[in-house]
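Asks: What follows is a single structure, and I will ask about it in a moment.
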Amino acid sequence: MIQVITPREVPLGGPRAMKVRRTLPHKDRSLIGAWCFADHYGPERSRMDVAPHPHTGLQTVSWLFSGEIEHRDSVGSHAMVRPGELNLMTAGHGISHSEVSTPQSDILHGMQLWVALPAVSRFVAPTFEHYVPEPVTAPGLAARVFLGSVLGETSPVSTYTPLLGAEMVLDAGARVTLEVDPTFEHGIIVDRGSVTLADADLGAAELGYVEPGEHELHLHNSTQDPVRFLLLGGQPFGEQIVMWWNFVGRSHDDVVEYRAAYEAENGQFGTVEGYSGPRLHAPELPNARMKPRG
């Protein structure tokens with residue numbers, strides 16, 4: 001049985017917000033492995049301008065289909081996010097960053113994903129990595145493997161829990177059986193077109209979830225056009241998290257502490273150099289205590 005999750009539309013980026021389609025977290029599913037957040041945006045003529053803001057306890061995975069985004073962070077990284085290239089930022093105990101689409105980005109289209117860090121690693125030093133995966137092909141399928149292993153291709157990028165992340169394009173009319181790690185749970189987020197995963201039909205921006213125990217994923221593109229999707233996977237995380245705004249912690253009190261440190265500018269999150277404008281401020285905390293989910 002495939003669980004199908006339909007995204008909800010939410011604003012991203014404060015006063016200059018752009019609309020995104022969010023499939024994780026969802027009321028029916030918080031995690032796929034350590035994947036805890038998935039936003040899908042575009043394709044549309046829009047501008048991204050996300051002022052400096054903080055993160056803790058997670059990794060951000062930026063993946064573009066079109067356009068270009070300028071990344072700056074408080075550990076001194078300055079990089080461009082381009083189609084088919086992985087930008088992985090590890091927040092650890094605290095980092096700040098900004099994301100701004102470049103003037104030549106006529107059409108902006110991509111995915112923003114987060115990975116929760118396990119308890120033993122959530123206070124690591126913040127870092128930034130860039131990787132360009134080579135395309136790999138199989139009958140009826142082309143892929144770029146940016147995290148983990150599939151189709152005999154392995155990304156050299158290390159992760160703190162066993163993970164899989166890949167962009168895949170299924171040819172028109174293709175039927176493909178994809179061998180996967182049975183210890184992983186998997187999710188497919190459709191970008192363009194529609195695809196049948198086992199017995200479930202998935203349309204654009206929908207997520208299909210597969211429980212651990214499957215050795216194969218059965219995919220069928222019955223249309224006359226290629227379909228593009230992201231394949232995410234990982235061993236069940238086995239921990240509960242509290243995720244609020246841009247923070248991942250283990251309790252309500254963790255989040256309260258992170259917010260206070262950021263607003264006090266006590267140095268935990270550093271400073272983003274080169275962004276022309278003020279940083280974002282944290283929203284007010286909810287009235288009720290936040291409960292862990294996982």
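All residue names refer to the structure tokens as shown: chains lettered A, B, ... in order, residues numbered from 1 in each chain, ligands numbered from 1 in order.
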Give me, as number ranges by chain, all polymer residues having an atom no more than 6 Å from Leu147 in chain A, counting only C-alpha atoms and skipping those fewer than 2 positions away in the same chain.

Replies: A: 145, 155, 164-165

Asks: For the selection you just gave me, I'd like the residues written to a file as a short mmCIF file (atom, residue, chain, number, x, y, z; two decimals), in the first residue's frame, keeping C-alpha atoms.

Replies:
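Contents of the output file part-v1.cif:
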```
data_model
loop_
_atom_site.label_atom_id
_atom_site.label_comp_id
_atom_site.auth_asym_id
_atom_site.auth_seq_id
_atom_site.Cartn_x
_atom_site.Cartn_y
_atom_site.Cartn_z
CA VAL A 145 22.36 10.48 -7.46
CA SER A 155 27.48 9.83 -4.02
CA LEU A 164 19.21 8.33 -0.45
CA GLY A 165 18.53 11.31 -2.68
#
```

Asks: Glu85 in chain A: which residues within 9 Å, counting only C-alpha atoms, same-chain residues fewer than 2 positions away excluded, as a PyMOL selection string?

Replies: chain A and resi 62-64+81-83+87+130-133+146

Asks: Contacts of Leu219 in chain A at 6 Å or less, counting only C-alpha atoms, minus same-chain residues fewer than 5 places along, as number ranges by chain?

Replies: A: 175-176, 196-197

Asks: Write a file of the just-selected residues containing C-alpha atoms, as an mmCIF file, in the first residue's frame.

Replies:
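Dumped everything to again35.cif:
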```cif
data_model
loop_
_atom_site.group_PDB
_atom_site.id
_atom_site.type_symbol
_atom_site.label_atom_id
_atom_site.label_comp_id
_atom_site.auth_asym_id
_atom_site.auth_seq_id
_atom_site.Cartn_x
_atom_site.Cartn_y
_atom_site.Cartn_z
ATOM 1 C CA ARG A 175 8.046 0.584 -17.010
ATOM 2 C CA VAL A 176 10.972 0.352 -14.605
ATOM 3 C CA THR A 196 2.282 5.143 -11.179
ATOM 4 C CA LEU A 197 4.177 3.812 -8.156
#
```

Asks: Identify, on the basis of only C-alpha atoms, every residue whose closest approach to His93 in chain A does not exceed 8 Å; exclude the query and any residue fewer than 3 positions from it along the same chain; express the result as a compact mmCIF listing (two decimals) with N, CA, C and O atoms, in the first residue's frame.

Replies:
```
# COMPACT_ATOMS: atom_id res chain seq x y z
N THR A 56 19.35 25.20 13.11
CA THR A 56 20.05 24.31 14.04
C THR A 56 19.57 22.88 13.82
O THR A 56 18.43 22.65 13.39
N GLY A 57 20.45 21.91 14.11
CA GLY A 57 20.05 20.51 14.20
C GLY A 57 19.65 19.85 12.90
O GLY A 57 19.00 18.80 12.92
N ARG A 122 23.85 16.38 16.41
CA ARG A 122 23.13 17.62 16.13
C ARG A 122 23.87 18.88 16.57
O ARG A 122 23.45 19.99 16.22
N PHE A 123 24.97 18.72 17.30
CA PHE A 123 25.75 19.89 17.70
C PHE A 123 27.11 19.95 17.00
O PHE A 123 28.03 20.59 17.49
N VAL A 124 27.23 19.28 15.84
CA VAL A 124 28.48 19.34 15.09
C VAL A 124 28.73 20.76 14.59
O VAL A 124 27.83 21.60 14.57
N ALA A 125 29.96 21.02 14.18
CA ALA A 125 30.30 22.33 13.63
C ALA A 125 29.60 22.52 12.28
O ALA A 125 29.50 21.57 11.49
N PRO A 126 29.12 23.71 12.00
CA PRO A 126 28.47 23.96 10.71
C PRO A 126 29.44 23.89 9.55
O PRO A 126 30.61 24.29 9.67
N GLN A 268 26.03 32.54 18.38
CA GLN A 268 25.81 31.13 18.05
C GLN A 268 25.57 30.92 16.55
O GLN A 268 26.00 29.90 15.99
```

Asks: Fewer than 2 positions away in the same chain doesn't count, so skip those; otherwise give me all residues within 8 Å of Thr127 in chain A, counting only C-alpha atoms, as a list of chain:residue names.

Replies: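 So, after excluding close chain neighbours, the residues are A:Val75, A:Met89, A:Thr90, A:Ala91, A:Ala125, A:Glu129.
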
Asks: Counting only C-alpha atoms, what is within 6 Å of Thr60 in chain A, bar same-chain residues fewer than 5 positions away, as an NGL selection string?

Replies: :A and (88-89 or 113-114)

Asks: Could the residues in this selection be saved with N, CA and C atoms as an mmCIF file, in the first residue's frame?

Replies:
```cif
data_model
loop_
_atom_site.group_PDB
_atom_site.id
_atom_site.type_symbol
_atom_site.label_atom_id
_atom_site.label_comp_id
_atom_site.auth_asym_id
_atom_site.auth_seq_id
_atom_site.Cartn_x
_atom_site.Cartn_y
_atom_site.Cartn_z
ATOM 1 N N LEU A 88 24.787 21.325 -0.031
ATOM 2 C CA LEU A 88 24.425 20.726 1.251
ATOM 3 C C LEU A 88 25.025 21.561 2.375
ATOM 4 N N MET A 89 24.166 22.139 3.198
ATOM 5 C CA MET A 89 24.620 22.946 4.325
ATOM 6 C C MET A 89 24.262 22.244 5.623
ATOM 7 N N LEU A 113 15.008 20.942 0.657
ATOM 8 C CA LEU A 113 14.814 19.782 1.521
ATOM 9 C C LEU A 113 15.652 19.939 2.782
ATOM 10 N N TRP A 114 15.154 19.370 3.881
ATOM 11 C CA TRP A 114 15.913 19.349 5.132
ATOM 12 C C TRP A 114 16.087 17.913 5.590
#
```

Asks: Could you give me, as CSV, every range 48-132 of chain A residue with an atom at most 10 Å from range 189-192 of chain A, plus its closest atom pair and distance in Å to one decimal, counting only C-alpha atoms, rows ordered by chain then number?

Replies:
```
residue,atom,partner,partner_atom,distance
A:Phe65,CA,A:Asp191,CA,9.2
A:His109,CA,A:Asp191,CA,9.5
A:Gly110,CA,A:Asp191,CA,8.6
A:Met111,CA,A:Asp191,CA,9.0
```

Asks: Find the residue from A:Gly234, A:Lys291, A:Ala200, A:Arg250 that sits nearest to Val120 in chain A; use only C-alpha atoms when measuring.

Replies: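 For Val120 in chain A, the nearest of the given residues is A:Arg250.
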
Asks: To test your reading of the structure, identify every residue in range 117-257 of chain A that backbone DSSP assigns to helix (DSSP H, G or I), and report it as a list of chain:residue names.

Replies: A:Ala119, A:Val120, A:Ser121, A:His252, A:Asp253, A:Asp254, A:Val255, A:Val256, A:Glu257

Asks: Quick one: residues within 8 Å of Ile241 in chain A, only C-alpha atoms, excluding same-chain residues fewer than 4 positions away - as a ChimeraX atom specification?

Replies: /A:248-251,292-294

Asks: Restricting the calculation to only C-alpha atoms: of A:Ser194, A:Ser77, A:Asn287, A:Ser30, which residue gets closest to Glu206 in chain A?

Replies: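 The closest residue to Glu206 in chain A is A:Ser194.
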
Asks: Quick check for you: according to DSSP on this backbone, which residues of range 58-278 of chain A are classed as strand (DSSP E or B)? Reply as a PyMOL selection string.

Replies: chain A and resi 58-66+69-73+78-81+83+86-90+95-101+108-116+127-131+135-138+141-147+149-150+153-154+163-170+175-179+185-192+195-197+200-202+207-210+216-220+227-234+241-244+247-249

Asks: Give me a file of those residues, with C-alpha atoms, as a CSV table (one decimal), in the first residue's frame.

Replies:
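So result-v4.csv came out as:
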```csv
chain,number,residue,atom,x,y,z
A,58,LEU,CA,19.6,19.9,10.5
A,59,GLN,CA,21.1,19.9,7.0
A,60,THR,CA,19.6,21.8,4.1
A,61,VAL,CA,19.6,20.2,0.6
A,62,SER,CA,19.1,22.6,-2.3
A,63,TRP,CA,18.3,21.1,-5.7
A,64,LEU,CA,17.3,23.2,-8.7
A,65,PHE,CA,15.6,22.2,-12.0
A,66,SER,CA,16.0,25.7,-13.5
A,69,ILE,CA,20.3,31.0,-6.5
A,70,GLU,CA,23.1,32.8,-4.7
A,71,HIS,CA,23.9,31.2,-1.3
A,72,ARG,CA,25.8,33.0,1.5
A,73,ASP,CA,26.3,31.7,5.0
A,78,HIS,CA,29.5,31.9,-1.1
A,79,ALA,CA,28.2,29.6,-3.8
A,80,MET,CA,25.7,29.4,-6.6
A,81,VAL,CA,22.9,26.8,-6.6
A,83,PRO,CA,20.4,22.8,-11.8
A,86,LEU,CA,23.9,19.6,-4.9
A,87,ASN,CA,24.4,22.3,-2.2
A,88,LEU,CA,24.4,20.7,1.3
A,89,MET,CA,24.6,22.9,4.3
A,90,THR,CA,25.1,21.4,7.8
A,95,ILE,CA,24.4,28.7,11.2
A,96,SER,CA,22.8,31.6,9.3
A,97,HIS,CA,22.4,31.9,5.6
A,98,SER,CA,20.7,33.8,2.8
A,99,GLU,CA,19.3,32.7,-0.6
A,100,VAL,CA,18.7,35.1,-3.4
A,101,SER,CA,17.9,34.3,-7.0
A,108,LEU,CA,12.8,29.6,-10.9
A,109,HIS,CA,12.1,25.9,-10.2
A,110,GLY,CA,13.4,23.5,-7.6
A,111,MET,CA,13.2,21.7,-4.3
A,112,GLN,CA,14.3,22.7,-0.8
A,113,LEU,CA,14.8,19.8,1.5
A,114,TRP,CA,15.9,19.3,5.1
A,115,VAL,CA,17.5,16.4,6.9
A,116,ALA,CA,17.3,16.0,10.7
A,127,THR,CA,29.8,23.2,7.2
A,128,PHE,CA,28.9,23.6,3.5
A,129,GLU,CA,29.5,21.1,0.7
A,130,HIS,CA,29.0,21.3,-3.1
A,131,TYR,CA,28.8,18.2,-5.4
A,135,PRO,CA,24.2,11.4,-15.0
A,136,VAL,CA,23.6,7.6,-14.9
A,137,THR,CA,21.2,5.8,-17.2
A,138,ALA,CA,19.3,2.5,-17.2
A,141,LEU,CA,15.4,5.9,-16.9
A,142,ALA,CA,18.1,8.6,-16.3
A,143,ALA,CA,19.2,9.8,-12.9
A,144,ARG,CA,21.5,12.0,-10.8
A,145,VAL,CA,22.4,10.5,-7.5
A,146,PHE,CA,23.3,13.3,-5.1
A,147,LEU,CA,23.1,11.3,-1.7
A,149,SER,CA,23.4,4.8,-3.6
A,150,VAL,CA,21.1,3.6,-6.3
A,153,GLU,CA,26.0,4.9,-8.5
A,154,THR,CA,27.2,6.2,-5.1
A,163,LEU,CA,20.1,8.3,3.2
A,164,LEU,CA,19.2,8.3,-0.5
A,165,GLY,CA,18.5,11.3,-2.7
A,166,ALA,CA,18.3,11.3,-6.5
A,167,GLU,CA,16.6,13.1,-9.3
A,168,MET,CA,15.1,10.7,-11.9
A,169,VAL,CA,13.5,11.1,-15.3
A,170,LEU,CA,11.3,8.2,-16.5
A,175,ARG,CA,8.0,0.6,-17.0
A,176,VAL,CA,11.0,0.4,-14.6
A,177,THR,CA,11.7,-1.9,-11.6
A,178,LEU,CA,14.2,-0.1,-9.4
A,179,GLU,CA,16.2,-2.1,-6.9
A,185,GLU,CA,11.6,3.8,3.7
A,186,HIS,CA,11.2,5.7,0.5
A,187,GLY,CA,9.3,8.6,-0.9
A,188,ILE,CA,8.8,9.8,-4.5
A,189,ILE,CA,8.0,13.5,-5.0
A,190,VAL,CA,6.8,14.2,-8.6
A,191,ASP,CA,8.0,17.4,-10.2
A,192,ARG,CA,6.7,17.1,-13.7
A,195,VAL,CA,3.7,8.4,-12.6
A,196,THR,CA,2.3,5.1,-11.2
A,197,LEU,CA,4.2,3.8,-8.2
A,200,ALA,CA,-0.8,4.4,-6.7
A,201,ASP,CA,-1.1,7.2,-9.3
A,202,LEU,CA,0.9,10.3,-8.4
A,207,LEU,CA,4.5,12.4,-2.6
A,208,GLY,CA,4.2,8.6,-2.6
A,209,TYR,CA,5.5,6.9,0.5
A,210,VAL,CA,6.7,3.3,0.7
A,216,GLU,CA,12.0,-3.1,-5.5
A,217,LEU,CA,10.0,0.0,-6.6
A,218,HIS,CA,7.7,-0.6,-9.6
A,219,LEU,CA,7.3,2.6,-11.7
A,220,HIS,CA,5.2,3.2,-14.8
A,227,VAL,CA,8.1,12.4,-15.9
A,228,ARG,CA,10.6,13.8,-13.5
A,229,PHE,CA,10.7,13.1,-9.7
A,230,LEU,CA,12.9,13.0,-6.7
A,231,LEU,CA,13.5,9.7,-5.0
A,232,LEU,CA,14.2,10.1,-1.2
A,233,GLY,CA,15.0,7.3,1.2
A,234,GLY,CA,16.6,6.4,4.5
A,241,ILE,CA,12.0,15.9,16.9
A,242,VAL,CA,10.4,19.3,17.4
A,243,MET,CA,10.6,21.4,14.3
A,244,TRP,CA,9.6,25.0,14.5
A,247,PHE,CA,15.0,25.0,14.1
A,248,VAL,CA,15.1,21.3,14.7
A,249,GLY,CA,15.4,20.3,18.4
```

Asks: Could you tell me how far CA of Pro118 in chain A sits from CA of Tyr258 in chain A, in Å to one decimal place?

Replies: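 One can read the CA of Tyr258 in chain A to CA of Pro118 in chain A distance as 17.2 Å.
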
Asks: Considering only C-alpha atoms, state which residue in the set A:Leu285, A:Leu12, A:Leu117, A:Ala51 is at the smallest distance from Thr161 in chain A.

Replies: A:Leu117

Asks: Considering only C-alpha atoms, can you say which of A:Trp35, A:Trp245, A:Phe184, A:Phe269 comes closest to Thr159 in chain A?

Replies: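 Ranking A:Trp35, A:Trp245, A:Phe184, A:Phe269 by distance to Thr159 in chain A, first place goes to A:Trp35.
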
Asks: Give the answer as one residue: which of A:Val10, A:Ala264, A:Ile5, A:Ala198 has the shortest atom-to-atom distance to Asp28 in chain A, using only C-alpha atoms?

Replies: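 Counting only C-alpha atoms, the residue closest to Asp28 in chain A is A:Ile5.
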